Amino acid sequence: MTTQHTPTALGTEKIGKLLMQYAIPAIIAMTASSLYNMVDSIFIGQGVGTFAISGLALTFPLMNLAAAFGSLVGAGAATLVSVKLGQKDYHTAKNVLGNVVLLNVGIGILFTIVVLTFLDPILYFFGASNQTIGYAQDYMVIILLGNTITHLYLGLNTVLRACGHPKQAMAATIATVVINTILDPIFIFWFDWGIQGAAIATIIAQVISLAWLIKIFMNKNELLHFSKEIFHWNGKIVKGIIYIGMSPFMMNLAATFVVILINQGLKRHGGDLMIGAYGIVNRLAFLFVMIVMGFNQGMQPIAGYNFGAQLYPRVTQVLKLTIYAATVVTTLGFIIGMFLPELAVSIFTNDQELIRLSAEGFRYVVLVFPIVGFQMVTSNFFQSIGMAGKAIFLSLTRQVLFLIPCLLILPHFWGTKGVWISMPISDFVASLVAGVMLWIQFRQFKRAHITGEVIS
């Protein structure tokens, strides 16, 4: 008889130890992924040209849109798996895995067909010009052809982490990054495939890692594994995945429109080079954001499991520790962005004007970075315990209620400076809203611990 592994330590082990056990692999994986994105941009900038960086930046909205659908399934499934494991509902948790595969394949194929059909008008709408659209087309066509692979890889990786295997999830991500980084210079420089080489390297790396993930889920000794009976549509499970995953989906969807507005504003007031500057700043800022996301991924199964098991003091404890860690990370980003921006951006390009524009933008973007980590963790926390409504609201406060209006109004008065300062303004106000909501939730947890009330 085989022994199936269950992550019961999530409800008994010390919270600090658990957070490190789950967060460190996620942080390593997310940091490696972010570093790959930076290296990718460096290879493209140095090996293809300055306008290729601008062309790559034009693909950010589409990448965000693809990520939105990926997170709709992946994040929703991860939370649902964690909560069901905490409730000892193993049957439902197994069926979540099957529905993740079906949803990712269906959404991935549909997304590819629709976007490929309208790719050129989409890119022009995003701010492309005759100088940059060719680079964006070359990159996105290949990425879109491998989109279903990307969705499956990301979806299975999040479920793997949620069911108690953070190190294996980390290994899959790092393998993708390492393979990608090795293939990039070979395809871009040696084969002279340019920006297309970077895209091909990305898809090949994900195919290899996906094959390894599938092998893991074929292991029948694991509680969650592939079996014929789990591959059928379950309306209740699909609804639960989408309901919980709606928060990161809306956040990424809003981010898509935000990047479009940023690109359009920067192009209108500063030209193609300014879009390239944003591409560089976005890569740098995203490094710190990805580390915080690593902490969030570490927090997610711990918070979800203990919330499902009604162990509310443990839920509160893991949240506090994650906020402390995230604040340290974003404060480091603030220090680098304020005092060493030229040094940071110069690794992407030798163009002095692009360096100047990027450094100026970087200073604006990190202006309130020390509190950004708190806002990110709080939004992810509500998602982790299945409170999708609150998570969606927090996600939308920054992107839709605050940032989009700023991007529509401020550039008319201050040009490109108005675009840049919109970001720290929205971060600050959104953090205030998150603080109020979290304070209310803490009081509810405290009352439930005393009275034995079940929070749903």
# chains A, B, ... in the order shown; residues from 1 in each chain; ligands from 1
>>> residues_around(residues="range 165-172 of chain A", least_positions_apart="3", cutoff="12 Å", atoms="only C-alpha atoms", output="PyMOL selection string")
chain A and resi 5-7+10+18-33+82+153-162+175-179+205-217+222-224+294-295+297-302
>>> residues_around(residues="Leu65 in chain A", least_positions_apart="6", cutoff="10 Å", atoms="only C-alpha atoms", output="number ranges by chain")
A: 59, 71, 111, 249-257
>>> write_last_selection(atoms="N, CA and C atoms", output="short mmCIF file (atom, residue, chain, number, x, y, z; two decimals), in the first residue's frame")
data_model
loop_
_atom_site.label_atom_id
_atom_site.label_comp_id
_atom_site.auth_asym_id
_atom_site.auth_seq_id
_atom_site.Cartn_x
_atom_site.Cartn_y
_atom_site.Cartn_z
N THR A 59 4.91 44.91 -25.70
CA THR A 59 4.28 43.60 -25.48
C THR A 59 3.81 43.43 -24.04
N SER A 71 -3.54 33.73 -14.05
CA SER A 71 -3.76 33.87 -12.61
C SER A 71 -5.21 33.59 -12.23
N PHE A 111 -7.34 32.25 -26.25
CA PHE A 111 -6.58 33.50 -26.17
C PHE A 111 -5.65 33.64 -27.37
N PHE A 249 -7.02 38.20 -11.43
CA PHE A 249 -7.40 38.42 -12.82
C PHE A 249 -7.72 39.89 -13.06
N MET A 250 -8.55 40.46 -12.19
CA MET A 250 -8.91 41.87 -12.33
C MET A 250 -7.69 42.77 -12.17
N MET A 251 -6.79 42.38 -11.27
CA MET A 251 -5.58 43.16 -11.05
C MET A 251 -4.72 43.17 -12.31
N ASN A 252 -4.53 42.00 -12.91
CA ASN A 252 -3.73 41.93 -14.14
C ASN A 252 -4.44 42.57 -15.32
N LEU A 253 -5.76 42.45 -15.36
CA LEU A 253 -6.52 43.09 -16.42
C LEU A 253 -6.40 44.60 -16.32
N ALA A 254 -6.52 45.11 -15.10
CA ALA A 254 -6.35 46.55 -14.89
C ALA A 254 -4.94 46.97 -15.24
N ALA A 255 -3.95 46.12 -14.89
CA ALA A 255 -2.56 46.43 -15.22
C ALA A 255 -2.35 46.53 -16.72
N THR A 256 -3.11 45.74 -17.47
CA THR A 256 -3.02 45.81 -18.94
C THR A 256 -3.42 47.20 -19.43
N PHE A 257 -4.56 47.69 -18.94
CA PHE A 257 -5.02 49.02 -19.36
C PHE A 257 -4.09 50.11 -18.85
#
>>> residues_around(residues="range 322-334 of chain A", least_positions_apart="6", cutoff="9 Å", atoms="only C-alpha atoms", output="PyMOL selection string")
chain A and resi 19+284-285+287-289+291-293+295-296+298-299+363+365-378
>>> write_last_selection(atoms="N, CA and C atoms", output="PDB file, in the first residue's frame")
ATOM      1  N   LEU A  19       6.798  29.821   7.061  1.00  0.00           N
ATOM      2  CA  LEU A  19       6.890  30.895   6.083  1.00  0.00           C
ATOM      3  C   LEU A  19       8.219  30.841   5.339  1.00  0.00           C
ATOM      4  N   LEU A 284      13.179  46.776 -13.632  1.00  0.00           N
ATOM      5  CA  LEU A 284      13.881  46.968 -12.361  1.00  0.00           C
ATOM      6  C   LEU A 284      12.912  46.934 -11.183  1.00  0.00           C
ATOM      7  N   ALA A 285      11.824  47.678 -11.291  1.00  0.00           N
ATOM      8  CA  ALA A 285      10.847  47.717 -10.195  1.00  0.00           C
ATOM      9  C   ALA A 285      10.234  46.342  -9.980  1.00  0.00           C
ATOM     10  N   LEU A 287      11.578  43.517 -10.219  1.00  0.00           N
ATOM     11  CA  LEU A 287      12.452  42.629  -9.451  1.00  0.00           C
ATOM     12  C   LEU A 287      12.034  42.610  -7.987  1.00  0.00           C
ATOM     13  N   PHE A 288      11.787  43.788  -7.417  1.00  0.00           N
ATOM     14  CA  PHE A 288      11.388  43.886  -6.006  1.00  0.00           C
ATOM     15  C   PHE A 288       9.942  43.424  -5.814  1.00  0.00           C
ATOM     16  N   VAL A 289       9.093  43.727  -6.781  1.00  0.00           N
ATOM     17  CA  VAL A 289       7.711  43.272  -6.721  1.00  0.00           C
ATOM     18  C   VAL A 289       7.649  41.749  -6.737  1.00  0.00           C
ATOM     19  N   ILE A 291       9.901  39.646  -5.657  1.00  0.00           N
ATOM     20  CA  ILE A 291      10.336  39.106  -4.364  1.00  0.00           C
ATOM     21  C   ILE A 291       9.176  39.144  -3.376  1.00  0.00           C
ATOM     22  N   VAL A 292       8.442  40.258  -3.365  1.00  0.00           N
ATOM     23  CA  VAL A 292       7.268  40.352  -2.499  1.00  0.00           C
ATOM     24  C   VAL A 292       6.234  39.303  -2.897  1.00  0.00           C
ATOM     25  N   MET A 293       6.072  39.089  -4.185  1.00  0.00           N
ATOM     26  CA  MET A 293       5.148  38.048  -4.645  1.00  0.00           C
ATOM     27  C   MET A 293       5.601  36.666  -4.180  1.00  0.00           C
ATOM     28  N   PHE A 295       7.095  36.097  -1.277  1.00  0.00           N
ATOM     29  CA  PHE A 295       6.593  36.019   0.100  1.00  0.00           C
ATOM     30  C   PHE A 295       5.087  35.741   0.106  1.00  0.00           C
ATOM     31  N   ASN A 296       4.356  36.383  -0.803  1.00  0.00           N
ATOM     32  CA  ASN A 296       2.916  36.154  -0.888  1.00  0.00           C
ATOM     33  C   ASN A 296       2.602  34.699  -1.229  1.00  0.00           C
ATOM     34  N   GLY A 298       4.480  32.199  -0.531  1.00  0.00           N
ATOM     35  CA  GLY A 298       4.787  31.426   0.661  1.00  0.00           C
ATOM     36  C   GLY A 298       3.687  31.525   1.700  1.00  0.00           C
ATOM     37  N   MET A 299       3.095  32.705   1.820  1.00  0.00           N
ATOM     38  CA  MET A 299       2.013  32.936   2.777  1.00  0.00           C
ATOM     39  C   MET A 299       0.738  32.203   2.367  1.00  0.00           C
ATOM     40  N   ARG A 363      13.267  57.069 -10.241  1.00  0.00           N
ATOM     41  CA  ARG A 363      13.138  57.822  -8.985  1.00  0.00           C
ATOM     42  C   ARG A 363      11.665  58.087  -8.645  1.00  0.00           C
ATOM     43  N   VAL A 365       9.007  56.326  -9.678  1.00  0.00           N
ATOM     44  CA  VAL A 365       8.274  55.078  -9.448  1.00  0.00           C
ATOM     45  C   VAL A 365       8.471  54.545  -8.027  1.00  0.00           C
ATOM     46  N   VAL A 366       9.681  54.717  -7.465  1.00  0.00           N
ATOM     47  CA  VAL A 366       9.975  54.141  -6.138  1.00  0.00           C
ATOM     48  C   VAL A 366       9.715  55.121  -4.994  1.00  0.00           C
ATOM     49  N   LEU A 367       9.093  56.244  -5.295  1.00  0.00           N
ATOM     50  CA  LEU A 367       8.950  57.313  -4.304  1.00  0.00           C
ATOM     51  C   LEU A 367       8.277  56.853  -3.010  1.00  0.00           C
ATOM     52  N   VAL A 368       7.252  56.006  -3.100  1.00  0.00           N
ATOM     53  CA  VAL A 368       6.571  55.508  -1.885  1.00  0.00           C
ATOM     54  C   VAL A 368       6.705  53.988  -1.780  1.00  0.00           C
ATOM     55  N   PHE A 369       7.754  53.446  -2.366  1.00  0.00           N
ATOM     56  CA  PHE A 369       7.972  52.003  -2.373  1.00  0.00           C
ATOM     57  C   PHE A 369       7.966  51.352  -0.986  1.00  0.00           C
ATOM     58  N   PRO A 370       8.444  52.023   0.076  1.00  0.00           N
ATOM     59  CA  PRO A 370       8.445  51.359   1.387  1.00  0.00           C
ATOM     60  C   PRO A 370       7.081  50.858   1.850  1.00  0.00           C
ATOM     61  N   ILE A 371       5.985  51.461   1.367  1.00  0.00           N
ATOM     62  CA  ILE A 371       4.657  50.999   1.799  1.00  0.00           C
ATOM     63  C   ILE A 371       3.961  50.142   0.733  1.00  0.00           C
ATOM     64  N   VAL A 372       4.571  50.002  -0.424  1.00  0.00           N
ATOM     65  CA  VAL A 372       3.962  49.207  -1.499  1.00  0.00           C
ATOM     66  C   VAL A 372       3.869  47.729  -1.102  1.00  0.00           C
ATOM     67  N   GLY A 373       4.897  47.226  -0.410  1.00  0.00           N
ATOM     68  CA  GLY A 373       4.892  45.838   0.021  1.00  0.00           C
ATOM     69  C   GLY A 373       3.694  45.514   0.893  1.00  0.00           C
ATOM     70  N   PHE A 374       3.358  46.428   1.806  1.00  0.00           N
ATOM     71  CA  PHE A 374       2.201  46.251   2.685  1.00  0.00           C
ATOM     72  C   PHE A 374       0.919  46.124   1.870  1.00  0.00           C
ATOM     73  N   GLN A 375       0.752  46.997   0.884  1.00  0.00           N
ATOM     74  CA  GLN A 375      -0.463  46.974   0.071  1.00  0.00           C
ATOM     75  C   GLN A 375      -0.578  45.673  -0.719  1.00  0.00           C
ATOM     76  N   MET A 376       0.536  45.213  -1.271  1.00  0.00           N
ATOM     77  CA  MET A 376       0.540  43.978  -2.053  1.00  0.00           C
ATOM     78  C   MET A 376       0.197  42.764  -1.192  1.00  0.00           C
ATOM     79  N   VAL A 377       0.794  42.693  -0.015  1.00  0.00           N
ATOM     80  CA  VAL A 377       0.558  41.547   0.876  1.00  0.00           C
ATOM     81  C   VAL A 377      -0.897  41.524   1.340  1.00  0.00           C
ATOM     82  N   THR A 378      -1.426  42.686   1.682  1.00  0.00           N
ATOM     83  CA  THR A 378      -2.804  42.756   2.173  1.00  0.00           C
ATOM     84  C   THR A 378      -3.792  42.270   1.120  1.00  0.00           C
TER      85      THR A 378
END
>>> residues_around(residues="Ala75 in chain A", least_positions_apart="2", cutoff="8 Å", atoms="only C-alpha atoms", output="list of chain:residue names")
A:Ser71, A:Leu72, A:Val73, A:Ala77, A:Ala78, A:Thr79, A:Gly155, A:Thr158, A:Ile241, A:Ile244, A:Gly245, A:Pro248
>>> write_last_selection(atoms="N, CA and C atoms", output="JSON list (two decimals), in the first residue's frame")
[["chain", "number", "residue", "atom", "x", "y", "z"],
["A", 71, "SER", "N", -3.54, 33.73, -14.05],
["A", 71, "SER", "CA", -3.76, 33.87, -12.61],
["A", 71, "SER", "C", -5.21, 33.59, -12.23],
["A", 72, "LEU", "N", -6.14, 33.82, -13.16],
["A", 72, "LEU", "CA", -7.55, 33.50, -12.90],
["A", 72, "LEU", "C", -7.69, 32.03, -12.52],
["A", 73, "VAL", "N", -6.96, 31.17, -13.24],
["A", 73, "VAL", "CA", -7.02, 29.73, -12.97],
["A", 73, "VAL", "C", -6.03, 29.34, -11.88],
["A", 77, "ALA", "N", -7.14, 28.27, -8.16],
["A", 77, "ALA", "CA", -6.99, 26.84, -7.85],
["A", 77, "ALA", "C", -6.09, 26.63, -6.64],
["A", 78, "ALA", "N", -5.01, 27.41, -6.53],
["A", 78, "ALA", "CA", -4.08, 27.24, -5.41],
["A", 78, "ALA", "C", -4.78, 27.51, -4.08],
["A", 79, "THR", "N", -5.54, 28.59, -4.03],
["A", 79, "THR", "CA", -6.27, 28.91, -2.79],
["A", 79, "THR", "C", -7.31, 27.85, -2.48],
["A", 155, "GLY", "N", -0.02, 27.16, -14.23],
["A", 155, "GLY", "CA", -1.13, 26.63, -13.43],
["A", 155, "GLY", "C", -0.72, 25.43, -12.60],
["A", 158, "THR", "N", 1.61, 26.42, -9.60],
["A", 158, "THR", "CA", 0.95, 27.01, -8.43],
["A", 158, "THR", "C", 0.23, 25.93, -7.61],
["A", 241, "ILE", "N", -12.95, 28.27, -8.51],
["A", 241, "ILE", "CA", -11.65, 28.72, -9.03],
["A", 241, "ILE", "C", -11.75, 30.14, -9.58],
["A", 244, "ILE", "N", -12.48, 32.90, -6.77],
["A", 244, "ILE", "CA", -11.30, 33.26, -5.98],
["A", 244, "ILE", "C", -10.24, 33.89, -6.87],
["A", 245, "GLY", "N", -10.09, 33.36, -8.09],
["A", 245, "GLY", "CA", -9.06, 33.89, -8.99],
["A", 245, "GLY", "C", -9.42, 35.21, -9.64],
["A", 248, "PRO", "N", -6.80, 38.38, -8.66],
["A", 248, "PRO", "CA", -5.59, 38.59, -9.47],
["A", 248, "PRO", "C", -5.91, 38.80, -10.94]]
>>> atom_distance(atom1="CA of Ser34 in chain A", atom2="CA of Ile242 in chain A")
26.4 Å
>>> residues_around(residues="Gly146 in chain A", least_positions_apart="2", cutoff="12 Å", atoms="only C-alpha atoms", output="tab-separated table (two decimals) with N, CA and C atoms, in the first residue's frame")
chain	number	residue	atom	x	y	z
A	66	ALA	N	-2.32	37.99	-20.81
A	66	ALA	CA	-2.14	36.53	-20.74
A	66	ALA	C	-1.97	36.09	-19.29
A	105	VAL	N	-5.99	24.70	-20.77
A	105	VAL	CA	-5.93	24.34	-22.19
A	105	VAL	C	-6.97	25.13	-22.99
A	108	GLY	N	-6.11	28.94	-22.93
A	108	GLY	CA	-4.88	29.18	-23.67
A	108	GLY	C	-5.08	29.17	-25.17
A	109	ILE	N	-5.82	28.18	-25.67
A	109	ILE	CA	-6.07	28.08	-27.11
A	109	ILE	C	-6.93	29.25	-27.59
A	111	PHE	N	-7.34	32.25	-26.25
A	111	PHE	CA	-6.58	33.50	-26.17
A	111	PHE	C	-5.65	33.64	-27.37
A	112	THR	N	-4.96	32.57	-27.71
A	112	THR	CA	-4.02	32.59	-28.84
A	112	THR	C	-4.73	32.93	-30.15
A	113	ILE	N	-5.85	32.28	-30.41
A	113	ILE	CA	-6.58	32.50	-31.67
A	113	ILE	C	-7.06	33.95	-31.78
A	116	LEU	N	-3.92	36.57	-31.98
A	116	LEU	CA	-3.20	36.47	-33.25
A	116	LEU	C	-4.01	37.08	-34.40
A	139	TYR	N	8.26	39.12	-31.62
A	139	TYR	CA	8.31	38.53	-30.28
A	139	TYR	C	6.97	37.87	-29.93
A	140	MET	N	5.87	38.62	-30.15
A	140	MET	CA	4.57	38.16	-29.65
A	140	MET	C	4.01	36.98	-30.43
A	141	VAL	N	4.26	36.88	-31.73
A	141	VAL	CA	3.72	35.75	-32.50
A	141	VAL	C	4.21	34.43	-31.92
A	142	ILE	N	5.49	34.36	-31.61
A	142	ILE	CA	6.06	33.12	-31.05
A	142	ILE	C	5.54	32.87	-29.64
A	143	ILE	N	5.49	33.93	-28.83
A	143	ILE	CA	4.97	33.79	-27.46
A	143	ILE	C	3.53	33.30	-27.49
A	144	LEU	N	2.73	33.83	-28.40
A	144	LEU	CA	1.32	33.43	-28.48
A	144	LEU	C	1.16	32.00	-28.94
A	148	THR	N	-0.53	28.27	-24.67
A	148	THR	CA	-1.17	27.18	-23.92
A	148	THR	C	-0.16	26.46	-23.04
A	149	ILE	N	1.05	26.27	-23.55
A	149	ILE	CA	2.13	25.68	-22.75
A	149	ILE	C	2.41	26.54	-21.52
A	150	THR	N	2.47	27.85	-21.74
A	150	THR	CA	2.74	28.78	-20.63
A	150	THR	C	1.66	28.67	-19.55
A	151	HIS	N	0.39	28.66	-19.97
A	151	HIS	CA	-0.71	28.57	-19.01
A	151	HIS	C	-0.66	27.27	-18.20
A	152	LEU	N	-0.43	26.16	-18.90
A	152	LEU	CA	-0.36	24.88	-18.20
A	152	LEU	C	0.80	24.84	-17.21
A	153	TYR	N	1.94	25.32	-17.65
A	153	TYR	CA	3.14	25.32	-16.80
A	153	TYR	C	2.90	26.14	-15.53
A	199	ALA	N	12.13	34.88	-27.75
A	199	ALA	CA	10.81	34.27	-27.58
A	199	ALA	C	10.88	32.75	-27.71
A	200	ILE	N	11.65	32.27	-28.67
A	200	ILE	CA	11.80	30.81	-28.86
A	200	ILE	C	12.44	30.18	-27.62
A	201	ALA	N	13.43	30.85	-27.06
A	201	ALA	CA	14.09	30.34	-25.85
A	201	ALA	C	13.10	30.22	-24.70
A	202	THR	N	12.22	31.20	-24.58
A	202	THR	CA	11.21	31.19	-23.51
A	202	THR	C	10.30	29.98	-23.62
A	203	ILE	N	9.78	29.73	-24.81
A	203	ILE	CA	8.83	28.62	-24.99
A	203	ILE	C	9.50	27.27	-24.81
A	204	ILE	N	10.71	27.09	-25.34
A	204	ILE	CA	11.42	25.81	-25.18
A	204	ILE	C	11.66	25.51	-23.70
A	205	ALA	N	12.06	26.52	-22.94
A	205	ALA	CA	12.32	26.33	-21.51
A	205	ALA	C	11.04	25.91	-20.78
A	206	GLN	N	9.92	26.51	-21.14
A	206	GLN	CA	8.66	26.18	-20.48
A	206	GLN	C	8.17	24.78	-20.86
A	207	VAL	N	8.42	24.36	-22.09
A	207	VAL	CA	8.05	23.00	-22.52
A	207	VAL	C	8.79	21.96	-21.67
A	210	LEU	N	7.43	22.04	-18.09
A	210	LEU	CA	6.08	21.46	-18.04
A	210	LEU	C	6.13	19.94	-18.07
>>> closest_residue(among="A:Leu266, A:Gly74, A:Phe348, A:Leu80", to="Gly47 in chain A", atoms="only C-alpha atoms")
A:Phe348
>>> residues_around(residues="Arg398 in chain A", least_positions_apart="4", cutoff="12 Å", atoms="only C-alpha atoms", output="NGL selection string")
:A and (250-252 or 254-255 or 258 or 372 or 375-376 or 379 or 391-394 or 402-407 or 422-434)
>>> decode(residues="range 366-394 of chain A", atoms="N, CA and C atoms", output="compact mmCIF listing (two decimals), in the first residue's frame")
# COMPACT_ATOMS: atom_id res chain seq x y z
N VAL A 366 9.68 54.72 -7.47
CA VAL A 366 9.97 54.14 -6.14
C VAL A 366 9.71 55.12 -4.99
N LEU A 367 9.09 56.24 -5.29
CA LEU A 367 8.95 57.31 -4.30
C LEU A 367 8.28 56.85 -3.01
N VAL A 368 7.25 56.01 -3.10
CA VAL A 368 6.57 55.51 -1.89
C VAL A 368 6.70 53.99 -1.78
N PHE A 369 7.75 53.45 -2.37
CA PHE A 369 7.97 52.00 -2.37
C PHE A 369 7.97 51.35 -0.99
N PRO A 370 8.44 52.02 0.08
CA PRO A 370 8.45 51.36 1.39
C PRO A 370 7.08 50.86 1.85
N ILE A 371 5.99 51.46 1.37
CA ILE A 371 4.66 51.00 1.80
C ILE A 371 3.96 50.14 0.73
N VAL A 372 4.57 50.00 -0.42
CA VAL A 372 3.96 49.21 -1.50
C VAL A 372 3.87 47.73 -1.10
N GLY A 373 4.90 47.23 -0.41
CA GLY A 373 4.89 45.84 0.02
C GLY A 373 3.69 45.51 0.89
N PHE A 374 3.36 46.43 1.81
CA PHE A 374 2.20 46.25 2.68
C PHE A 374 0.92 46.12 1.87
N GLN A 375 0.75 47.00 0.88
CA GLN A 375 -0.46 46.97 0.07
C GLN A 375 -0.58 45.67 -0.72
N MET A 376 0.54 45.21 -1.27
CA MET A 376 0.54 43.98 -2.05
C MET A 376 0.20 42.76 -1.19
N VAL A 377 0.79 42.69 -0.01
CA VAL A 377 0.56 41.55 0.88
C VAL A 377 -0.90 41.52 1.34
N THR A 378 -1.43 42.69 1.68
CA THR A 378 -2.80 42.76 2.17
C THR A 378 -3.79 42.27 1.12
N SER A 379 -3.63 42.72 -0.11
CA SER A 379 -4.51 42.29 -1.19
C SER A 379 -4.42 40.78 -1.40
N ASN A 380 -3.19 40.25 -1.41
CA ASN A 380 -3.00 38.82 -1.61
C ASN A 380 -3.53 38.01 -0.44
N PHE A 381 -3.47 38.58 0.76
CA PHE A 381 -3.95 37.88 1.96
C PHE A 381 -5.43 37.56 1.84
N PHE A 382 -6.25 38.53 1.46
CA PHE A 382 -7.68 38.29 1.34
C PHE A 382 -7.97 37.23 0.27
N GLN A 383 -7.19 37.24 -0.79
CA GLN A 383 -7.33 36.20 -1.81
C GLN A 383 -6.96 34.83 -1.24
N SER A 384 -5.91 34.78 -0.41
CA SER A 384 -5.41 33.52 0.13
C SER A 384 -6.41 32.81 1.03
N ILE A 385 -7.29 33.59 1.69
CA ILE A 385 -8.26 32.98 2.59
C ILE A 385 -9.64 32.91 1.93
N GLY A 386 -9.69 33.13 0.62
CA GLY A 386 -10.93 32.94 -0.12
C GLY A 386 -11.89 34.10 -0.09
N MET A 387 -11.48 35.26 0.47
CA MET A 387 -12.34 36.45 0.51
C MET A 387 -12.13 37.25 -0.78
N ALA A 388 -12.68 36.70 -1.86
CA ALA A 388 -12.39 37.25 -3.18
C ALA A 388 -12.91 38.67 -3.35
N GLY A 389 -14.06 38.97 -2.78
CA GLY A 389 -14.63 40.31 -2.92
C GLY A 389 -13.71 41.39 -2.40
N LYS A 390 -13.16 41.17 -1.21
CA LYS A 390 -12.25 42.15 -0.61
C LYS A 390 -10.95 42.24 -1.41
N ALA A 391 -10.46 41.08 -1.86
CA ALA A 391 -9.22 41.07 -2.64
C ALA A 391 -9.41 41.83 -3.96
N ILE A 392 -10.55 41.62 -4.60
CA ILE A 392 -10.83 42.32 -5.86
C ILE A 392 -10.90 43.82 -5.62
N PHE A 393 -11.58 44.22 -4.56
CA PHE A 393 -11.70 45.65 -4.26
C PHE A 393 -10.33 46.28 -4.05
N LEU A 394 -9.48 45.62 -3.27
CA LEU A 394 -8.14 46.17 -3.02
C LEU A 394 -7.30 46.20 -4.29
